[in-house]
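Below is final_10.csv, holding CSV, C-alpha atoms.
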```csv
chain,number,residue,atom,x,y,z
D,1,MET,CA,-40.6,-17.2,-13.2
D,2,GLU,CA,-38.0,-17.8,-16.0
D,3,ILE,CA,-37.0,-14.1,-15.9
D,4,GLN,CA,-36.3,-14.4,-12.1
D,5,LEU,CA,-34.2,-17.5,-12.7
D,6,TYR,CA,-32.3,-15.8,-15.5
D,7,GLN,CA,-31.7,-12.7,-13.3
D,8,SER,CA,-30.4,-14.9,-10.5
D,9,LEU,CA,-28.1,-16.7,-13.0
D,10,PHE,CA,-26.9,-13.4,-14.4
D,11,SER,CA,-26.3,-11.9,-10.9
D,12,ASP,CA,-24.3,-15.0,-9.9
D,13,ILE,CA,-22.1,-14.9,-13.0
D,14,LYS,CA,-21.6,-11.1,-12.7
D,15,GLN,CA,-20.4,-11.6,-9.1
D,16,LYS,CA,-18.0,-14.3,-10.2
D,17,ILE,CA,-16.6,-12.0,-13.0
D,18,GLU,CA,-16.1,-9.1,-10.6
D,19,LYS,CA,-14.5,-11.4,-8.0
D,20,ALA,CA,-12.1,-12.8,-10.6
D,21,GLN,CA,-11.3,-9.2,-11.9
D,22,LEU,CA,-10.4,-8.1,-8.4
D,23,LYS,CA,-8.2,-11.2,-7.8
D,24,ALA,CA,-6.4,-10.4,-11.1
D,25,VAL,CA,-5.8,-6.8,-10.1
D,26,LEU,CA,-4.5,-7.8,-6.7
D,27,SER,CA,-2.2,-10.4,-8.3
D,28,VAL,CA,-0.9,-7.9,-10.8
D,29,ASN,CA,-0.2,-5.4,-8.0
D,30,ALA,CA,1.6,-8.0,-5.9
D,31,GLU,CA,3.8,-9.0,-8.9
D,32,MET,CA,4.6,-5.3,-9.6
D,33,ILE,CA,5.6,-4.6,-6.0
D,34,LEU,CA,7.8,-7.7,-6.0
D,35,LEU,CA,9.4,-6.6,-9.3
D,36,TYR,CA,10.0,-3.1,-7.9
D,37,TRP,CA,11.6,-4.6,-4.8
D,38,ASP,CA,13.7,-6.9,-7.0
D,39,ILE,CA,14.9,-4.0,-9.2
D,40,GLY,CA,15.7,-2.0,-6.2
D,41,ASN,CA,17.6,-4.9,-4.6
D,42,THR,CA,19.5,-5.6,-7.8
D,43,ILE,CA,20.6,-1.9,-7.9
D,44,ALA,CA,21.6,-2.0,-4.2
D,45,LEU,CA,23.6,-5.2,-4.7
D,46,GLN,CA,25.4,-3.7,-7.8
D,47,GLN,CA,26.1,-0.5,-5.9
D,48,GLN,CA,27.5,-2.5,-3.0
D,49,SER,CA,29.6,-5.0,-5.0
D,50,LYS,CA,30.8,-2.7,-7.8
D,51,GLY,CA,30.9,0.5,-5.9
D,52,TRP,CA,28.5,2.2,-8.3
D,53,SER,CA,27.0,5.5,-7.1
D,54,ALA,CA,23.5,6.8,-7.5
D,55,GLY,CA,24.6,8.0,-10.9
D,56,VAL,CA,23.7,4.6,-12.4
D,57,ILE,CA,20.0,5.4,-11.8
D,58,PRO,CA,19.6,8.1,-14.5
D,59,GLN,CA,21.4,5.9,-17.1
D,60,LEU,CA,19.3,2.9,-16.1
D,61,SER,CA,16.1,5.0,-16.4
D,62,ALA,CA,17.0,6.2,-19.8
D,63,ASP,CA,17.9,2.8,-21.0
D,64,ILE,CA,14.7,1.2,-19.8
D,65,LYS,CA,12.7,4.0,-21.5
D,66,THR,CA,14.6,3.3,-24.7
D,67,ALA,CA,14.0,-0.5,-24.5
D,68,PHE,CA,10.4,-0.1,-23.5
D,69,PRO,CA,9.1,3.2,-24.9
D,70,THR,CA,5.5,2.7,-23.8
D,71,LEU,CA,6.2,1.4,-20.3
D,72,LYS,CA,5.6,3.8,-17.4
D,73,GLY,CA,7.0,3.8,-13.9
D,74,TYR,CA,10.7,3.7,-14.5
D,75,SER,CA,11.6,7.3,-14.0
D,76,GLU,CA,14.8,8.2,-12.1
D,77,ARG,CA,12.6,9.2,-9.1
D,78,ASN,CA,10.7,5.9,-9.1
D,79,LEU,CA,13.9,3.9,-9.5
D,80,GLY,CA,15.2,5.8,-6.5
D,81,TYR,CA,12.1,4.8,-4.6
D,82,MET,CA,12.7,1.1,-5.7
D,83,LEU,CA,16.2,1.3,-4.3
D,84,ARG,CA,15.0,2.8,-1.0
D,85,PHE,CA,12.1,0.3,-0.9
D,86,ALA,CA,14.5,-2.7,-1.2
D,87,LYS,CA,16.7,-1.2,1.5
D,88,GLU,CA,13.8,-0.6,3.9
D,89,TYR,CA,12.5,-4.1,3.4
D,90,ALA,CA,15.6,-6.2,3.2
D,91,GLU,CA,13.7,-9.4,4.1
D,92,GLU,CA,11.6,-10.5,1.1
D,93,SER,CA,9.2,-12.4,3.4
D,94,ILE,CA,7.8,-9.1,4.7
D,95,LEU,CA,6.9,-8.2,1.1
D,96,GLN,CA,5.0,-11.3,0.4
D,97,GLN,CA,3.1,-11.3,3.7
D,98,LEU,CA,2.0,-7.6,3.8
D,99,VAL,CA,3.6,-4.9,1.7
D,100,ALA,CA,2.9,-6.5,-1.7
D,101,LYS,CA,-0.8,-6.3,-0.9
D,102,LEU,CA,-0.7,-2.5,-0.9
D,103,PRO,CA,-0.5,-0.2,-4.0
D,104,TRP,CA,2.9,1.3,-4.8
D,105,GLY,CA,1.7,4.8,-3.8
D,106,HIS,CA,0.8,3.5,-0.3
D,107,ASN,CA,4.2,1.9,0.1
D,108,ILE,CA,6.0,5.1,-0.9
D,109,LEU,CA,3.9,7.2,1.5
D,110,LEU,CA,4.6,4.8,4.4
D,111,ILE,CA,8.4,4.9,3.6
D,112,GLU,CA,8.5,8.7,3.4
D,113,LYS,CA,6.4,9.4,6.5
D,114,ILE,CA,7.3,6.6,8.9
D,115,LYS,CA,10.9,5.7,9.8
D,116,ASP,CA,10.2,2.9,12.3
D,117,GLN,CA,9.5,-0.3,10.3
D,118,ASN,CA,7.3,-1.9,12.9
D,119,ILE,CA,5.0,1.1,13.0
D,120,ARG,CA,5.1,1.2,9.2
D,121,LEU,CA,4.0,-2.4,9.0
D,122,TRP,CA,1.3,-1.7,11.6
D,123,TYR,CA,-0.1,1.0,9.3
D,124,ALA,CA,0.2,-1.3,6.3
D,125,GLN,CA,-1.9,-3.9,8.1
D,126,LYS,CA,-4.5,-1.3,9.0
D,127,CYS,CA,-4.7,-0.2,5.3
D,128,ILE,CA,-5.4,-3.8,4.3
D,129,GLU,CA,-7.9,-4.4,7.2
D,130,ASN,CA,-9.8,-1.1,6.5
D,131,ASN,CA,-9.3,-0.8,2.8
D,132,TRP,CA,-7.9,2.7,3.2
D,133,SER,CA,-7.2,5.0,0.2
D,134,ARG,CA,-3.8,6.7,0.2
D,135,ASP,CA,-5.5,10.0,1.3
D,136,VAL,CA,-7.1,8.2,4.3
D,137,LEU,CA,-3.7,6.6,5.2
D,138,ASP,CA,-2.1,10.0,5.0
D,139,ILE,CA,-4.7,11.5,7.4
D,140,GLN,CA,-4.3,8.5,9.8
D,141,ILE,CA,-0.5,9.0,9.9
D,142,LYS,CA,-0.8,12.8,10.4
D,143,SER,CA,-3.3,12.2,13.2
D,144,ASP,CA,-0.9,9.7,14.7
D,145,LEU,CA,-3.4,6.8,14.8
D,146,TYR,CA,-0.7,4.4,15.9
D,147,ASN,CA,-0.2,6.3,19.2
D,148,ARG,CA,-3.9,7.1,19.7
D,149,GLN,CA,-5.1,3.4,19.6
D,150,GLY,CA,-6.8,2.3,22.7
D,151,LYS,CA,-7.1,5.7,24.4
D,152,LEU,CA,-10.8,6.3,23.8
D,153,ILE,CA,-13.1,4.5,26.2
D,154,ASN,CA,-16.1,3.2,24.3
D,155,ASN,CA,-18.2,0.1,23.5
D,156,PHE,CA,-17.9,0.5,19.7
D,157,LYS,CA,-16.1,-2.9,19.2
D,158,ALA,CA,-18.9,-4.7,21.1
D,159,THR,CA,-21.8,-3.0,19.5
D,160,LEU,CA,-20.8,-2.2,15.9
D,161,PRO,CA,-19.4,-4.3,13.0
D,162,ASP,CA,-15.6,-4.0,12.7
D,163,ALA,CA,-15.4,-1.5,9.9
D,164,GLN,CA,-17.9,0.8,11.6
D,165,SER,CA,-16.4,0.4,15.1
D,166,ASP,CA,-13.0,1.4,13.7
D,167,LEU,CA,-14.4,4.4,12.0
D,168,ALA,CA,-16.4,5.4,15.1
D,169,ILE,CA,-13.3,5.2,17.3
D,170,GLN,CA,-11.2,7.2,14.8
D,171,THR,CA,-14.0,9.8,14.3
D,172,PHE,CA,-14.6,10.4,18.0
D,173,ASN,CA,-11.0,10.5,19.1
D,174,PRO,CA,-10.2,14.0,20.4
D,175,THR,CA,-6.8,14.0,18.7
D,176,CYS,CA,-8.4,13.2,15.3
D,177,ILE,CA,-11.1,15.8,15.8
D,178,LYS,CA,-8.5,18.5,16.6
D,179,PHE,CA,-6.6,17.5,13.5
D,180,LEU,CA,-9.6,17.7,11.3
D,181,ILE,CA,-10.8,21.1,12.5
D,182,LYS,CA,-7.5,22.9,12.6
D,183,PRO,CA,-8.0,26.6,11.5
```

This structure in C-alpha cells:
Amino acid sequence: MEIQLYQSLFSDIKQKIEKAQLKAVLSVNAEMILLYWDIGNTIALQQQSKGWSAGVIPQLSADIKTAFPTLKGYSERNLGYMLRFAKEYAEESILQQLVAKLPWGHNILLIEKIKDQNIRLWYAQKCIENNWSRDVLDIQIKSDLYNRQGKLINNFKATLPDAQSDLAIQTFNPTCIKFLIKP
C-alpha cells in the first residue's frame, strides 16, 4: 500500500514538474518573439527617421556577435526577418494574442508563404489549436487548407474528438490526397 501511495505522489509531482517546464518554455518563446519584433521595429523606425538603408543590418549583426559571442540568432538574415516580421505585424497586440505563441520558424514560414495577414493569422490559430510542427504547417499551406475548409461532407466533428476530427477531415479531403500522392 505504501508503494502505491508513493507512486501516486511521485506521478503527481512529475506531472507538475513537466507542466511547469512547458509553461517556462512557452514563456521564453513568447519573450523571444516579442524581442525579435521589438528589434525589427527599432530597426524599421531608425530606417524611417534617419533614412538608414538595409546596410545597417550587416553592421548591427557583426556588433551583436562581438558584444555577445555565444549568442545565436542575430545573423544578417535573421535580423532581416525581424525587420520584416515587425513590418508585417505593425500592431503589437496581434503578437501578444497569437503570433508570440508560435515558434520563430513557424512565424517565418507563415510570412514567407502567405501574403494575406488574415489568412496568415488563421493558419497561426490552427497551428496552436492542433499543435502542428513546422513541417505539418508547410504541408497544410501547400495543400491550401484555408480554402479547403468546409468542402468535405462528413460527420467527423459530431462523432470524433476535435483533434481526430480535424485530422480525419484533412486526411480524407481530395485536394490533400492529390497533394500527398503526386508522382

> Hey, what's within 12 Å of D:Glu31 if we count all atoms listed in the file and toss same-chain stuff fewer than 3 positions away? As a list of chain:residue names, please?
Replying inline: D:Ala24, D:Val25, D:Leu26, D:Ser27, D:Val28, D:Leu34, D:Leu35, D:Tyr36, D:Trp37, D:Asp38, D:Leu95, D:Gln96, D:Val99, D:Ala100, D:Lys101, D:Leu102, D:Pro103, D:Trp104

Filtering to C-alpha atoms, could you give me those residues as a CSV table (one decimal), in the frame of the given file?
```csv
chain,number,residue,atom,x,y,z
D,24,ALA,CA,-6.4,-10.4,-11.1
D,25,VAL,CA,-5.8,-6.8,-10.1
D,26,LEU,CA,-4.5,-7.8,-6.7
D,27,SER,CA,-2.2,-10.4,-8.3
D,28,VAL,CA,-0.9,-7.9,-10.8
D,34,LEU,CA,7.8,-7.7,-6.0
D,35,LEU,CA,9.4,-6.6,-9.3
D,36,TYR,CA,10.0,-3.1,-7.9
D,37,TRP,CA,11.6,-4.6,-4.8
D,38,ASP,CA,13.7,-6.9,-7.0
D,95,LEU,CA,6.9,-8.2,1.1
D,96,GLN,CA,5.0,-11.3,0.4
D,99,VAL,CA,3.6,-4.9,1.7
D,100,ALA,CA,2.9,-6.5,-1.7
D,101,LYS,CA,-0.8,-6.3,-0.9
D,102,LEU,CA,-0.7,-2.5,-0.9
D,103,PRO,CA,-0.5,-0.2,-4.0
D,104,TRP,CA,2.9,1.3,-4.8
```

> When you draw a straight line from atom CA of D:Glu129 to atom CA of D:Pro161, how long is it in Å?
Replying inline: 12.9 Å

>> Using all atoms listed in the file, which protein or nucleic acid residues come within 12 Å of stretch 57-73 of chain D? Drop anything in the same chain fewer than 2 positions from it, and give the result as an MDAnalysis selection string.
In response: chainID D and resid 32:33 35:36 39:40 42:44 46:47 52:55 75:83 104:105

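One distance worth recording is that between atom CA of D:Gln125 and atom CA of D:Gln97, which is 10.0 Å.
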
Distance query stretch 133-137 of chain D at most 9 Å, all atoms listed in the file, self and fewer than 3 positions along chain excluded, as a JSON list (two decimals) with C-alpha atoms, keeping the file's coordinate frame:
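Resulting contents of around30.json:
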```json
[["chain", "number", "residue", "atom", "x", "y", "z"],
["D", 103, "PRO", "CA", -0.50, -0.20, -4.00],
["D", 105, "GLY", "CA", 1.70, 4.80, -3.80],
["D", 106, "HIS", "CA", 0.80, 3.50, -0.30],
["D", 109, "LEU", "CA", 3.90, 7.20, 1.50],
["D", 110, "LEU", "CA", 4.60, 4.80, 4.40],
["D", 123, "TYR", "CA", -0.10, 1.00, 9.30],
["D", 124, "ALA", "CA", 0.20, -1.30, 6.30],
["D", 126, "LYS", "CA", -4.50, -1.30, 9.00],
["D", 127, "CYS", "CA", -4.70, -0.20, 5.30],
["D", 140, "GLN", "CA", -4.30, 8.50, 9.80],
["D", 141, "ILE", "CA", -0.50, 9.00, 9.90],
["D", 142, "LYS", "CA", -0.80, 12.80, 10.40]]
```

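Of note, atom CA of D:Lys113 and atom CA of D:Leu45 are spaced 25.2 Å apart.
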